[in-house]
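Peer 1: File name coords.txt; file contents compact mmCIF, C-alpha atoms and all ligand atoms; full text below.
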# COMPACT_ATOMS: atom_id res chain seq x y z
CA MET N 15 148.88 58.80 138.89
CA ARG N 16 148.36 59.89 135.28
CA ILE N 17 144.97 61.24 134.17
CA LEU N 18 144.00 61.65 130.53
CA VAL N 19 141.59 64.53 129.91
CA THR N 20 140.04 64.52 126.42
CA GLY N 21 138.85 67.94 125.27
CA GLY N 22 141.21 69.54 127.78
CA ALA N 23 141.67 72.68 125.65
CA GLY N 24 137.96 73.52 125.81
CA PHE N 25 135.93 75.32 128.47
CA ILE N 26 135.38 72.72 131.18
CA GLY N 27 138.52 70.80 130.20
CA SER N 28 140.91 73.73 130.64
CA ASN N 29 139.36 74.56 134.01
CA LEU N 30 139.65 70.90 135.06
CA VAL N 31 143.30 70.62 133.99
CA ARG N 32 144.17 73.73 136.02
CA HIS N 33 142.15 72.39 138.97
CA LEU N 34 143.93 69.01 138.86
CA LEU N 35 147.43 70.53 138.69
CA ARG N 36 146.61 72.86 141.58
CA GLU N 37 144.81 70.39 143.85
CA ARG N 38 146.67 67.11 143.19
CA GLU N 39 150.43 67.38 143.47
CA ASP N 40 151.04 63.69 142.67
CA THR N 41 149.03 63.79 139.42
CA LEU N 42 150.30 64.02 135.85
CA VAL N 43 147.75 65.39 133.37
CA ARG N 44 147.72 64.51 129.68
CA VAL N 45 145.33 66.28 127.32
CA LEU N 46 144.12 64.80 124.03
CA ASP N 47 142.44 67.49 121.94
CA THR N 48 142.12 68.09 118.22
CA LEU N 49 141.69 71.86 118.69
CA THR N 50 138.42 72.57 116.91
CA TYR N 51 137.01 76.12 116.82
CA ALA N 52 136.15 75.61 120.54
CA GLY N 53 139.52 74.31 121.74
CA ASN N 54 142.48 76.60 122.06
CA LEU N 55 145.94 76.37 123.58
CA ASP N 56 145.51 79.96 124.81
CA ASN N 57 143.14 78.43 127.36
CA LEU N 58 146.07 76.46 128.83
CA ALA N 59 148.88 78.99 128.30
CA ASP N 60 149.51 79.62 132.01
CA ILE N 61 150.20 75.93 132.75
CA SER N 62 151.82 74.90 129.46
CA GLU N 63 155.31 74.86 131.03
CA ASP N 64 154.26 72.76 134.03
CA PRO N 65 156.33 69.52 133.92
CA ARG N 66 153.26 67.56 135.08
CA PHE N 67 151.29 68.69 132.01
CA GLU N 68 151.43 67.09 128.57
CA PHE N 69 149.46 68.02 125.44
CA MET N 70 148.75 65.64 122.56
CA ARG N 71 146.98 66.96 119.52
CA GLY N 72 144.69 64.30 118.07
CA ASP N 73 141.17 63.33 117.16
CA ILE N 74 139.21 61.08 119.53
CA CYS N 75 137.69 59.39 116.46
CA ASP N 76 141.16 58.17 115.44
CA HIS N 77 141.97 54.76 116.97
CA ASP N 78 145.74 55.29 116.73
CA ALA N 79 145.58 58.69 118.45
CA ALA N 80 143.32 57.24 121.16
CA ARG N 81 145.68 54.31 121.78
CA ALA N 82 148.73 56.55 121.93
CA ALA N 83 147.02 58.91 124.37
CA MET N 84 146.00 55.99 126.60
CA THR N 85 149.58 54.73 127.12
CA GLY N 86 150.50 54.71 130.81
CA VAL N 87 147.18 56.24 131.85
CA ASP N 88 145.47 55.30 135.14
CA GLN N 89 142.23 57.25 134.75
CA VAL N 90 140.33 58.98 131.94
CA VAL N 91 138.03 62.00 132.06
CA HIS N 92 136.34 62.03 128.66
CA LEU N 93 135.10 65.54 127.92
CA ALA N 94 135.86 66.02 124.20
CA ALA N 95 132.66 66.77 122.31
CA GLU N 96 130.86 69.00 119.89
CA SER N 97 129.07 70.84 122.65
CA HIS N 98 126.69 73.35 121.04
CA VAL N 99 123.00 72.57 120.45
CA ASP N 100 122.51 75.22 117.74
CA ARG N 101 125.40 73.89 115.64
CA SER N 102 123.93 70.37 115.85
CA ILE N 103 120.65 71.78 114.51
CA ILE N 104 122.39 73.22 111.43
CA SER N 105 124.15 69.87 110.91
CA ALA N 106 124.26 66.83 113.18
CA ASP N 107 127.26 65.35 111.40
CA ALA N 108 130.04 66.52 113.72
CA ALA N 109 127.98 65.86 116.87
CA VAL N 110 127.24 62.27 115.87
CA GLN N 111 130.83 61.62 114.82
CA THR N 112 132.60 63.15 117.78
CA ASN N 113 130.09 62.57 120.55
CA PHE N 114 129.02 59.04 119.67
CA VAL N 115 131.71 57.51 117.43
CA GLY N 116 134.50 59.35 119.28
CA THR N 117 133.25 58.02 122.61
CA PHE N 118 133.22 54.50 121.14
CA VAL N 119 136.86 54.90 120.05
CA MET N 120 137.90 56.16 123.50
CA LEU N 121 136.04 53.33 125.25
CA GLU N 122 137.77 50.74 123.03
CA ALA N 123 141.20 52.25 123.70
CA ALA N 124 140.48 52.37 127.45
CA ARG N 125 139.41 48.73 127.44
CA GLU N 126 142.56 47.65 125.59
CA ALA N 127 144.74 49.65 127.98
CA GLY N 128 142.87 48.39 131.07
CA VAL N 129 142.47 51.81 132.69
CA GLY N 130 141.34 51.98 136.31
CA ARG N 131 138.52 54.52 135.80
CA PHE N 132 136.73 56.06 132.84
CA LEU N 133 134.60 59.10 133.64
CA HIS N 134 132.23 59.75 130.79
CA MET N 135 130.93 63.32 130.63
CA SER N 136 127.24 63.27 129.79
CA THR N 137 124.77 66.13 130.36
CA ASP N 138 121.41 66.97 131.94
CA GLU N 139 120.14 67.42 128.38
CA VAL N 140 119.94 63.64 127.84
CA TYR N 141 116.69 63.57 129.86
CA GLY N 142 114.89 65.94 127.50
CA SER N 143 112.72 68.74 128.81
CA SER N 144 110.37 68.82 131.81
CA LEU N 145 108.53 71.70 133.43
CA THR N 146 107.77 69.99 136.72
CA ASP N 147 109.02 66.43 137.26
CA ARG N 148 112.59 66.23 138.58
CA PHE N 149 114.92 63.91 136.70
CA THR N 150 116.58 61.25 138.79
CA GLU N 151 119.38 59.12 137.35
CA ASP N 152 116.74 56.44 136.64
CA THR N 153 114.50 58.70 134.55
CA PRO N 154 114.35 57.41 130.94
CA LEU N 155 116.52 59.38 128.52
CA MET N 156 114.38 61.35 126.03
CA PRO N 157 116.79 63.71 124.22
CA ARG N 158 115.10 66.16 121.85
CA ASN N 159 117.87 67.62 119.65
CA PRO N 160 120.79 66.05 117.74
CA TYR N 161 123.38 67.23 120.30
CA SER N 162 121.58 65.72 123.27
CA ALA N 163 120.67 62.58 121.31
CA SER N 164 124.34 62.01 120.43
CA LYS N 165 125.22 62.53 124.11
CA ALA N 166 122.48 60.11 125.24
CA GLY N 167 123.79 57.48 122.82
CA ALA N 168 127.32 57.95 124.16
CA ASP N 169 126.08 57.84 127.77
CA ARG N 170 124.48 54.43 127.21
CA LEU N 171 127.41 53.16 125.12
CA ALA N 172 129.70 53.94 128.05
CA TYR N 173 127.32 52.06 130.36
CA SER N 174 127.37 49.08 127.99
CA TYR N 175 131.17 48.88 128.29
CA PHE N 176 130.76 48.54 132.05
CA ILE N 177 128.11 45.83 131.75
CA THR N 178 129.66 43.92 128.85
CA HIS N 179 133.38 44.47 129.29
CA ASP N 180 133.67 45.32 133.00
CA LEU N 181 135.30 48.68 132.16
CA PRO N 182 135.01 50.79 135.37
CA VAL N 183 132.88 53.54 133.84
CA VAL N 184 131.28 56.35 135.87
CA ILE N 185 128.97 58.91 134.26
CA ALA N 186 128.42 62.60 135.11
CA ARG N 187 125.29 64.50 134.00
CA PRO N 188 125.94 68.16 134.86
CA ALA N 189 123.72 71.19 134.50
CA ASN N 190 124.71 74.27 132.43
CA ASN N 191 128.24 75.31 133.34
CA TYR N 192 129.33 78.94 133.42
CA GLY N 193 132.64 80.65 134.17
CA PRO N 194 135.96 81.71 132.55
CA TRP N 195 137.14 80.27 129.22
CA GLN N 196 133.68 79.32 127.90
CA TYR N 197 133.56 79.64 124.12
CA PRO N 198 131.47 82.73 123.25
CA GLU N 199 128.73 80.92 121.36
CA LYS N 200 127.05 79.97 124.64
CA LEU N 201 124.51 82.36 126.18
CA ILE N 202 126.55 84.16 128.85
CA PRO N 203 129.83 84.92 127.02
CA PHE N 204 128.05 85.53 123.69
CA PHE N 205 125.76 88.11 125.26
CA VAL N 206 128.67 89.80 127.07
CA TYR N 207 130.50 89.98 123.74
CA ARG N 208 127.52 91.56 121.99
CA ALA N 209 126.48 93.91 124.79
CA LEU N 210 130.02 95.31 124.97
CA ARG N 211 129.64 96.22 121.28
CA ASP N 212 126.12 97.63 121.83
CA GLU N 213 124.74 94.92 119.53
CA HIS N 214 121.26 93.52 120.18
CA LEU N 215 120.95 90.36 122.29
CA PRO N 216 119.02 87.69 120.34
CA VAL N 217 116.75 86.04 122.93
CA TYR N 218 115.11 82.88 121.57
CA GLY N 219 111.32 83.01 121.89
CA ASN N 220 109.96 84.54 125.09
CA GLY N 221 113.18 84.04 127.11
CA MET N 222 111.31 82.25 129.90
CA GLN N 223 113.26 79.01 129.44
CA MET N 224 114.99 77.93 132.65
CA ARG N 225 118.59 76.82 133.09
CA ASP N 226 120.31 75.58 136.27
CA TRP N 227 123.69 77.40 136.35
CA LEU N 228 126.65 75.49 137.79
CA TYR N 229 129.93 77.35 138.33
CA VAL N 230 132.64 75.50 136.41
CA GLU N 231 134.95 75.17 139.44
CA ASP N 232 132.09 73.51 141.35
CA ASP N 233 131.66 71.14 138.41
CA CYS N 234 135.39 70.29 138.47
CA ARG N 235 135.07 69.30 142.14
CA ALA N 236 131.97 67.26 141.29
CA LEU N 237 133.80 65.42 138.50
CA LEU N 238 136.67 64.48 140.82
CA THR N 239 134.19 63.32 143.48
CA ILE N 240 132.57 61.04 140.90
CA LEU N 241 135.98 59.87 139.66
CA ASP N 242 137.13 59.04 143.22
CA ARG N 243 133.97 57.82 144.87
CA GLY N 244 131.38 57.09 142.17
CA GLU N 245 130.15 53.52 141.88
CA PRO N 246 131.20 51.87 138.57
CA GLY N 247 128.26 51.68 136.16
CA GLU N 248 126.41 54.52 137.91
CA ALA N 249 125.40 57.94 136.60
CA TYR N 250 125.37 61.09 138.79
CA ASN N 251 123.35 64.25 138.22
CA VAL N 252 125.35 67.40 138.98
CA GLU N 253 122.65 69.89 139.92
CA ALA N 254 123.43 73.39 141.19
CA GLY N 255 120.06 74.34 142.76
CA ASN N 256 120.39 77.60 140.84
CA GLU N 257 117.64 77.80 138.23
CA HIS N 258 116.87 81.07 136.47
CA ALA N 259 114.79 82.14 133.51
CA ASN N 260 117.06 83.24 130.66
CA LEU N 261 115.67 86.78 130.74
CA ASP N 262 116.64 87.15 134.40
CA THR N 263 120.19 85.97 133.66
CA ILE N 264 120.40 88.38 130.72
CA ARG N 265 119.25 91.29 132.90
CA LEU N 266 122.06 90.52 135.37
CA ILE N 267 124.59 90.56 132.52
CA LEU N 268 123.32 93.95 131.33
CA GLU N 269 123.31 95.35 134.87
CA GLU N 270 126.93 94.31 135.47
CA LEU N 271 128.01 95.90 132.17
CA ALA N 272 125.86 99.02 132.77
CA LYS N 273 124.11 98.45 129.42
CA PRO N 274 120.40 99.17 128.71
CA GLU N 275 117.66 96.54 128.55
CA SER N 276 116.71 97.99 125.17
CA LEU N 277 119.48 95.75 123.75
CA ILE N 278 117.19 92.74 124.35
CA ARG N 279 115.50 91.52 121.17
CA HIS N 280 113.16 88.54 121.00
CA VAL N 281 114.00 86.49 117.90
CA GLU N 282 112.92 83.26 116.20
CA ASP N 283 113.12 80.42 118.69
CA ARG N 284 115.56 77.51 118.58
CA PRO N 285 113.65 74.54 117.06
CA GLY N 286 112.85 71.94 119.73
CA HIS N 287 114.00 74.34 122.49
CA ASP N 288 114.15 72.51 125.84
CA LEU N 289 112.29 74.61 128.40
CA ARG N 290 113.81 73.29 131.59
CA TYR N 291 116.02 70.50 133.00
CA PRO N 292 114.97 70.08 136.64
CA MET N 293 117.27 67.49 138.24
CA ASP N 294 117.38 65.67 141.55
CA GLY N 295 121.00 65.92 142.72
CA SER N 296 120.75 63.95 145.95
CA LYS N 297 122.79 60.95 144.74
CA LEU N 298 125.93 63.04 144.23
CA ARG N 299 125.31 65.15 147.33
CA ALA N 300 125.28 61.89 149.34
CA LEU N 301 128.94 61.47 148.28
CA GLY N 302 129.77 64.73 150.06
CA TRP N 303 129.75 67.22 147.16
CA SER N 304 127.80 70.48 147.15
CA PRO N 305 128.18 73.63 145.03
CA GLN N 306 130.06 76.50 146.70
CA MET N 307 129.80 79.51 144.38
CA PRO N 308 126.86 81.85 145.11
CA TRP N 309 125.07 82.89 141.88
CA ASP N 310 125.23 86.61 142.53
CA GLU N 311 129.01 86.44 142.89
CA GLY N 312 129.62 83.84 140.16
CA ILE N 313 127.68 85.62 137.43
CA ARG N 314 129.28 88.98 138.21
CA LEU N 315 132.84 87.66 138.26
CA THR N 316 132.19 85.68 135.07
CA VAL N 317 130.82 88.72 133.22
CA ARG N 318 133.79 90.78 134.40
CA TRP N 319 136.22 88.03 133.35
CA PHE N 320 134.89 88.09 129.79
CA ALA N 321 134.87 91.89 129.72
CA GLU N 322 138.55 91.81 130.74
CA HIS N 323 139.43 89.18 128.11
CA GLY N 324 138.17 91.09 125.08
CA GLU N 325 140.99 90.02 122.77
CA TRP N 326 140.54 86.36 123.67
CA MET N 327 136.81 86.67 122.90
CA THR N 328 137.41 88.47 119.59
CA ARG N 329 139.82 85.75 118.43
CA ALA N 330 137.39 83.03 119.53
CA VAL N 331 134.43 84.60 117.72
CA ALA N 332 136.55 85.03 114.58
CA ARG N 333 137.18 81.25 114.53
CA GLY N 334 133.41 80.71 114.36
CA GLN N 335 132.51 83.57 112.05
CA GLU N 336 130.79 81.44 109.42
CA TYR N 337 128.57 79.81 112.04
CA PHE N 338 127.56 83.12 113.63
CA GLU N 339 126.68 84.65 110.26
CA ASN N 340 124.65 81.61 109.24
CA TRP N 341 122.74 80.93 112.47
CA TYR N 342 122.00 84.54 113.41
CA ALA N 343 121.04 85.71 109.90
CA GLY N 344 117.57 87.22 110.47
CA ARG N 345 117.82 86.76 114.25
P1 LIG G 1 133.82 72.95 124.58
O1 LIG G 1 133.10 72.99 123.27
O2 LIG G 1 134.23 74.21 125.23
O3 LIG G 1 135.16 72.08 124.41
C1 LIG G 1 135.19 70.87 123.70
C2 LIG G 1 136.65 70.47 123.50
O4 LIG G 1 136.69 69.22 122.82
C3 LIG G 1 137.45 71.47 122.63
O5 LIG G 1 138.72 71.71 123.21
C4 LIG G 1 137.57 70.76 121.30
O6 LIG G 1 138.74 71.13 120.58
C5 LIG G 1 137.62 69.30 121.76
N1 LIG G 1 137.19 68.38 120.68
C6 LIG G 1 136.07 68.48 119.93
N2 LIG G 1 136.03 67.48 119.04
C7 LIG G 1 137.15 66.71 119.26
C8 LIG G 1 137.66 65.53 118.66
N3 LIG G 1 137.01 64.93 117.67
N4 LIG G 1 138.82 65.04 119.14
C9 LIG G 1 139.49 65.65 120.15
N5 LIG G 1 139.05 66.77 120.76
C10 LIG G 1 137.89 67.30 120.31
O7 LIG G 1 132.91 72.05 125.51
P2 LIG G 1 132.65 72.15 127.09
O8 LIG G 1 131.56 73.12 127.33
O9 LIG G 1 133.92 72.30 127.81
O10 LIG G 1 132.04 70.72 127.37
C11 LIG G 1 132.88 69.62 127.74
C12 LIG G 1 132.01 68.40 127.92
O11 LIG G 1 131.02 68.62 128.92
C13 LIG G 1 131.25 67.95 126.68
O12 LIG G 1 131.24 66.54 126.66
C14 LIG G 1 129.84 68.49 126.91
O13 LIG G 1 128.88 67.71 126.20
C15 LIG G 1 129.72 68.33 128.41
N6 LIG G 1 128.81 69.24 129.11
C16 LIG G 1 128.94 70.60 128.96
C17 LIG G 1 128.10 71.44 129.68
C18 LIG G 1 128.23 72.94 129.56
O14 LIG G 1 127.40 73.67 130.12
N7 LIG G 1 129.24 73.48 128.88
C19 LIG G 1 127.12 70.91 130.54
C20 LIG G 1 127.02 69.52 130.66
C21 LIG G 1 127.88 68.71 129.96
P1 LIG G 2 123.22 77.69 125.54
O1 LIG G 2 124.26 78.54 126.18
O2 LIG G 2 123.32 77.44 124.07
O3 LIG G 2 123.18 76.32 126.35
P2 LIG G 2 122.10 75.10 126.26
O4 LIG G 2 121.22 75.26 125.10
O5 LIG G 2 122.99 73.92 126.11
O6 LIG G 2 121.37 75.13 127.56
O7 LIG G 2 121.80 78.35 125.81
C1 LIG G 2 121.34 78.61 127.12
C2 LIG G 2 119.94 79.16 127.00
O8 LIG G 2 119.99 80.44 126.34
C3 LIG G 2 119.02 78.30 126.14
O9 LIG G 2 117.70 78.32 126.71
C4 LIG G 2 119.02 78.99 124.80
C5 LIG G 2 119.19 80.46 125.16
N1 LIG G 2 119.89 81.26 124.14
C6 LIG G 2 119.27 82.39 123.57
O10 LIG G 2 118.12 82.74 123.92
N2 LIG G 2 119.94 83.10 122.62
C7 LIG G 2 121.19 82.74 122.19
O11 LIG G 2 121.74 83.42 121.28
C8 LIG G 2 121.83 81.61 122.79
C9 LIG G 2 123.20 81.19 122.38
C10 LIG G 2 121.14 80.91 123.78
Take the structure from the file and write it as C-alpha cells.
Ligand code: NAD
Ligand code: TYD
Peer 2:
Amino acid sequence: MRILVTGGAGFIGSNLVRHLLREREDTLVRVLDTLTYAGNLDNLADISEDPRFEFMRGDICDHDAARAAMTGVDQVVHLAAESHVDRSIISADAAVQTNFVGTFVMLEAAREAGVGRFLHMSTDEVYGSSLTDRFTEDTPLMPRNPYSASKAGADRLAYSYFITHDLPVVIARPANNYGPWQYPEKLIPFFVYRALRDEHLPVYGNGMQMRDWLYVEDDCRALLTILDRGEPGEAYNVEAGNEHANLDTIRLILEELAKPESLIRHVEDRPGHDLRYPMDGSKLRALGWSPQMPWDEGIRLTVRWFAEHGEWMTRAVARGQEYFENWYAGR
C-alpha cells in the first residue's frame, strides 16, 4: 500500500507521516510538498532515511507535479494548504490558489490515476461561527474569512468529484490541532515563543473566543479512521470535546513557563474573528474513534516541547519575519 500525503512537511502532515510509518508496517509513504515558510524538512529529519519514506518537492497547483506524485499511489491524504487565517486577511491570493485551485489539480490527478481513496482535509472553520448551535455535517457552510472560504470551496469541489466522477472522496473537518511541529504563527507556539522572550502576548479583542483543542496525534488516528472506514462522499467532524476560551489557554501556557500574566496585552481584534466552532462529533465517534489525550497533559507537554525546541522555533519565525512585522505592527 502506498499513501501520498500532500503537505507532509507541515504540522499535521509531519505528525501523520511519522504516525503512518510507526503504525502501518506494510505502508509506503510519499510526501508531495513545495516547502513554503510553513513546511520544512527538519520536521521529517528523524524518518528521512526510512526506506518506506519518499519525499517529492513540488507544488500541488502544478499538474505535472501532481501526476508524477500520483504514480503508483493507492490512497491520498490531501493536507497541503495555506493554513493561517491572518495571512489570508492580508492577502487571499495564496489561500485561493493553493487551497482551491491546488485541490482541483490534486482531484484531477487522482481521477486520472484511479486512486482507491482520496481524503480531503477540510476544517471546522467552513461552518462559520456559532455561539450555541452545534454544527453537524449537514449544517450549511457559511465561512467568514478568505482562508475558510477557500477551504469551503475545496471541500465542496472534492464532494463534486465523488458525485460527478465517482472518485472515492472522504472529507475530514477537524477542530484546532495542537502539538509538536506546529508553525509558530498559530496561537500556542507563537505565545510560547514570545513568552520565553518576555515579549507581550497580543490577545485579539477580549480573548473570550472559544476553540476546541484536538491533540495532533488524536487527529492522525481520526484521519486514518476516516480513510479506512469513512463512507465515500461523506464528511466527518473531528471534535475533541475540549473547548476553552483563549484567555484560559494562554494562562495555562504562562503557568507552565512560570511567566507572569502581565505579559497579556489586549490588541486590535482580527477582522471577522470567529467566536466559536461548536461541532457535533457523533458521526465519527460511531466509527469507533475518540480522542485520547487529556487537555491538562497535552497542553503542558506541547508547551514544554516548544520550549525545548528553541532553535527550531527561531528558524521558523525567521522564515516568516516579514509577515510578523506587518501583521503585528501596532498590535
Ligand atoms: P501547515 O501550514 O503547518 O502545513 C502546510 C503544508 O503544506 C506545508 O508543509 C507547506 O509547505 C505545504 N504547502 C503549502 N502550499 C503548498 C503547495 N502549493 N504545494 C505543495 N505543498 C504546499 O498546515 P497544518 O496546520 O498542518 O494543516 C494541514 C491541513 O489541515 C490544511 O489543509 C489545513 O487547512 C487543515 N486543518 C488544520 C487545522 C489546524 O488546527 N492546524 C485544523 C483543521 C484543518
Ligand atoms: P489560530 O492559532 O490562528 O487558529 P484559528 O484562527 O485557525 O482558530 O488562533 C487561535 C485563536 O487565538 C483565535 O481565536 C485567534 C487567537 N489569536 C490571538 O488572540 N492572538 C494571536 O496572535 C493569534 C495568532 C491568535
Peer 1: If you count all atoms listed in the file, which residues fall within 8 Å of Ile240 in chain N, apart from same-chain ones fewer than 4 positions away, as an MDAnalysis selection string?
Peer 2: chainID N and resid 133 184:186 236 244:245 250 298
Peer 1: Can you check which parts of chain N lie within 6 Å of ligand LIG 2 (chain G)? Per residue, the shortest pair of atoms and distance in Å to one decimal, counting all atoms listed in the file, sorted by chain and number, as a Markdown table.
Peer 2:
| residue | atom | partner | partner_atom | distance |
| --- | --- | --- | --- | --- |
| N:Val99 | CA | G:LIG2 | O4 | 5.7 |
| N:Asn190 | CA | G:LIG2 | O6 | 6.0 |
| N:Glu199 | CA | G:LIG2 | C9 | 5.6 |
| N:Lys200 | CA | G:LIG2 | O1 | 3.5 |
| N:Leu201 | CA | G:LIG2 | O1 | 3.8 |
| N:Pro216 | CA | G:LIG2 | O11 | 5.1 |
| N:Val217 | CA | G:LIG2 | O10 | 3.7 |
| N:Tyr218 | CA | G:LIG2 | O10 | 3.8 |
| N:Gln223 | CA | G:LIG2 | O9 | 5.3 |
| N:Asn260 | CA | G:LIG2 | O8 | 5.9 |
Peer 1: What's the 7 Å shell around Leu42 in chain N, counting all atoms listed in the file, without same-chain residues fewer than 2 positions away, as JSON, numbers by chain?
Peer 2: {"N": [15, 16, 17, 40, 44, 66, 67]}
Peer 1: Which residues come within 12 Å of Glu269 in chain N, counting all atoms listed in the file, excluding same-chain residues fewer than 3 positions away, as a PyMOL selection string?
Peer 2: chain N and resi 206+209-210+262-266+272-275+277+310+313-314+317-318
Peer 1: What does the distance from CA of Glu339 in chain N to CA of Trp326 in chain N come to in Å, to one decimal?
Peer 2: 19.4 Å
Peer 1: Using all atoms listed in the file, find the one residue out of N:Ala249, N:Ala80, N:Ala59, N:Leu261 that sits nearest to ligand LIG 1 (chain G).
Peer 2: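 With all atoms listed in the file as the atom set, the closest residue is N:Ala80.
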Peer 1: Could you list, as a PyMOL selection string, all residues that come within 6 Å of ligand LIG 1 (chain G)? Count all atoms listed in the file.
Peer 2: chain N and resi 21-27+47-50+52-53+72-75+93-97+112+135-137+188-191+196-197
Peer 1: Those same residues, written as a PDB file, in the coordinates of the input with C-alpha atoms?
Peer 2:
ATOM      1  CA  GLY N  21     138.850  67.940 125.270  1.00  0.00           C
ATOM      2  CA  GLY N  22     141.210  69.540 127.780  1.00  0.00           C
ATOM      3  CA  ALA N  23     141.670  72.680 125.650  1.00  0.00           C
ATOM      4  CA  GLY N  24     137.960  73.520 125.810  1.00  0.00           C
ATOM      5  CA  PHE N  25     135.930  75.320 128.470  1.00  0.00           C
ATOM      6  CA  ILE N  26     135.380  72.720 131.180  1.00  0.00           C
ATOM      7  CA  GLY N  27     138.520  70.800 130.200  1.00  0.00           C
ATOM      8  CA  ASP N  47     142.440  67.490 121.940  1.00  0.00           C
ATOM      9  CA  THR N  48     142.120  68.090 118.220  1.00  0.00           C
ATOM     10  CA  LEU N  49     141.690  71.860 118.690  1.00  0.00           C
ATOM     11  CA  THR N  50     138.420  72.570 116.910  1.00  0.00           C
ATOM     12  CA  ALA N  52     136.150  75.610 120.540  1.00  0.00           C
ATOM     13  CA  GLY N  53     139.520  74.310 121.740  1.00  0.00           C
ATOM     14  CA  GLY N  72     144.690  64.300 118.070  1.00  0.00           C
ATOM     15  CA  ASP N  73     141.170  63.330 117.160  1.00  0.00           C
ATOM     16  CA  ILE N  74     139.210  61.080 119.530  1.00  0.00           C
ATOM     17  CA  CYS N  75     137.690  59.390 116.460  1.00  0.00           C
ATOM     18  CA  LEU N  93     135.100  65.540 127.920  1.00  0.00           C
ATOM     19  CA  ALA N  94     135.860  66.020 124.200  1.00  0.00           C
ATOM     20  CA  ALA N  95     132.660  66.770 122.310  1.00  0.00           C
ATOM     21  CA  GLU N  96     130.860  69.000 119.890  1.00  0.00           C
ATOM     22  CA  SER N  97     129.070  70.840 122.650  1.00  0.00           C
ATOM     23  CA  THR N 112     132.600  63.150 117.780  1.00  0.00           C
ATOM     24  CA  MET N 135     130.930  63.320 130.630  1.00  0.00           C
ATOM     25  CA  SER N 136     127.240  63.270 129.790  1.00  0.00           C
ATOM     26  CA  THR N 137     124.770  66.130 130.360  1.00  0.00           C
ATOM     27  CA  PRO N 188     125.940  68.160 134.860  1.00  0.00           C
ATOM     28  CA  ALA N 189     123.720  71.190 134.500  1.00  0.00           C
ATOM     29  CA  ASN N 190     124.710  74.270 132.430  1.00  0.00           C
ATOM     30  CA  ASN N 191     128.240  75.310 133.340  1.00  0.00           C
ATOM     31  CA  GLN N 196     133.680  79.320 127.900  1.00  0.00           C
ATOM     32  CA  TYR N 197     133.560  79.640 124.120  1.00  0.00           C
TER      33      TYR N 197
END
Peer 1: Might you pull out every residue within 12 Å of Ser304 in chain N, with all atoms listed in the file counted and same-chain residues fewer than 4 positions away left off, and present them as a compact mmCIF listing (two decimals) with C-alpha atoms, keeping the file's coordinate frame?
Peer 2:
# COMPACT_ATOMS: atom_id res chain seq x y z
CA LEU N 228 126.65 75.49 137.79
CA TYR N 229 129.93 77.35 138.33
CA GLU N 231 134.95 75.17 139.44
CA ASP N 232 132.09 73.51 141.35
CA ASP N 233 131.66 71.14 138.41
CA CYS N 234 135.39 70.29 138.47
CA ARG N 235 135.07 69.30 142.14
CA ALA N 236 131.97 67.26 141.29
CA LEU N 237 133.80 65.42 138.50
CA THR N 239 134.19 63.32 143.48
CA ASN N 251 123.35 64.25 138.22
CA VAL N 252 125.35 67.40 138.98
CA GLU N 253 122.65 69.89 139.92
CA ALA N 254 123.43 73.39 141.19
CA GLY N 255 120.06 74.34 142.76
CA GLY N 295 121.00 65.92 142.72
CA SER N 296 120.75 63.95 145.95
CA LYS N 297 122.79 60.95 144.74
CA LEU N 298 125.93 63.04 144.23
CA ARG N 299 125.31 65.15 147.33
CA ALA N 300 125.28 61.89 149.34
CA PRO N 308 126.86 81.85 145.11
Peer 1: Figure out the distance between CA of Val31 in chain N and CA of Val91 in chain N, please, to one decimal in Å.
Peer 2: 10.3 Å
Peer 1: Using Å and a single decimal, report how far CA of Leu268 in chain N sits from CA of Phe205 in chain N.
Peer 2: 8.8 Å
Peer 1: Nearest to Thr150 in chain N among N:Ala332, N:Met293, N:Val19, N:Val183, with distances taken over all atoms listed in the file: which residue is it?
Peer 2: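 Going through N:Ala332, N:Met293, N:Val19, N:Val183 one by one, the smallest distance to Thr150 in chain N is for N:Met293.
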Peer 1: Pull the closest atom pair for each residue of range 41-151 of chain N that gets at most 10 Å from range 173-182 of chain N, along with the distance in Å to one decimal, counting all atoms listed in the file, ordering rows by chain and then ascending residue number, as a tab-separated table.
Peer 2:
residue	atom	partner	partner_atom	distance
N:Gln89	CA	N:Pro182	CA	9.7
N:Phe118	CA	N:Tyr175	CA	9.3
N:Leu121	CA	N:Tyr175	CA	7.3
N:Glu122	CA	N:Tyr175	CA	8.6
N:Ala124	CA	N:Leu181	CA	7.9
N:Arg125	CA	N:Leu181	CA	6.3
N:Glu126	CA	N:Leu181	CA	9.8
N:Gly128	CA	N:Leu181	CA	7.7
N:Val129	CA	N:Leu181	CA	7.8
N:Gly130	CA	N:Pro182	CA	6.5
N:Arg131	CA	N:Pro182	CA	5.1
N:Phe132	CA	N:Pro182	CA	6.1
N:Leu133	CA	N:Pro182	CA	8.5
N:His134	CA	N:Tyr173	CA	9.1
Peer 1: Using only C-alpha atoms, which protein or nucleic acid residues come within 8 Å of Pro194 in chain N? Drop anything in the same chain fewer than 3 positions from it, and give the result as a ChimeraX atom specification.
Peer 2: /N:25,316,319-320
Peer 1: Write out, as JSON lines, each residue of range 126-192 of chain N that has an atom at most 9 Å from range 100-104 of chain N, together with the closest pair of atoms and their distance in Å to one decimal, counting all atoms listed in the file, rows going by chain and rising number.
Peer 2:
{"residue": "N:Asn159", "atom": "CA", "partner": "N:Ile103", "partner_atom": "CA", "distance": 7.2}
{"residue": "N:Pro160", "atom": "CA", "partner": "N:Ser102", "partner_atom": "CA", "distance": 5.7}
{"residue": "N:Tyr161", "atom": "CA", "partner": "N:Ser102", "partner_atom": "CA", "distance": 5.5}
Peer 1: Around range 103-107 of chain N, with edges along x, y and z and 3 Å added on all six sides, what centre and edge lengths do you get, in Å to one decimal, as AutoDock Vina command-line options?
Peer 2:
--center_x 124.0 --center_y 69.3 --center_z 112.7 --size_x 12.6 --size_y 13.9 --size_z 9.6
Peer 1: Of the candidates N:Gly221, N:Val331, N:Leu155, N:Leu171, which one gets nearest to Glu282 in chain N if we count all atoms listed in the file?
Peer 2: N:Gly221
Peer 1: Return the single residue from N:Leu145, N:Ser105, N:Met222, N:Pro198 that is closest to Arg329 in chain N, with distances computed using only C-alpha atoms.
Peer 2: N:Pro198
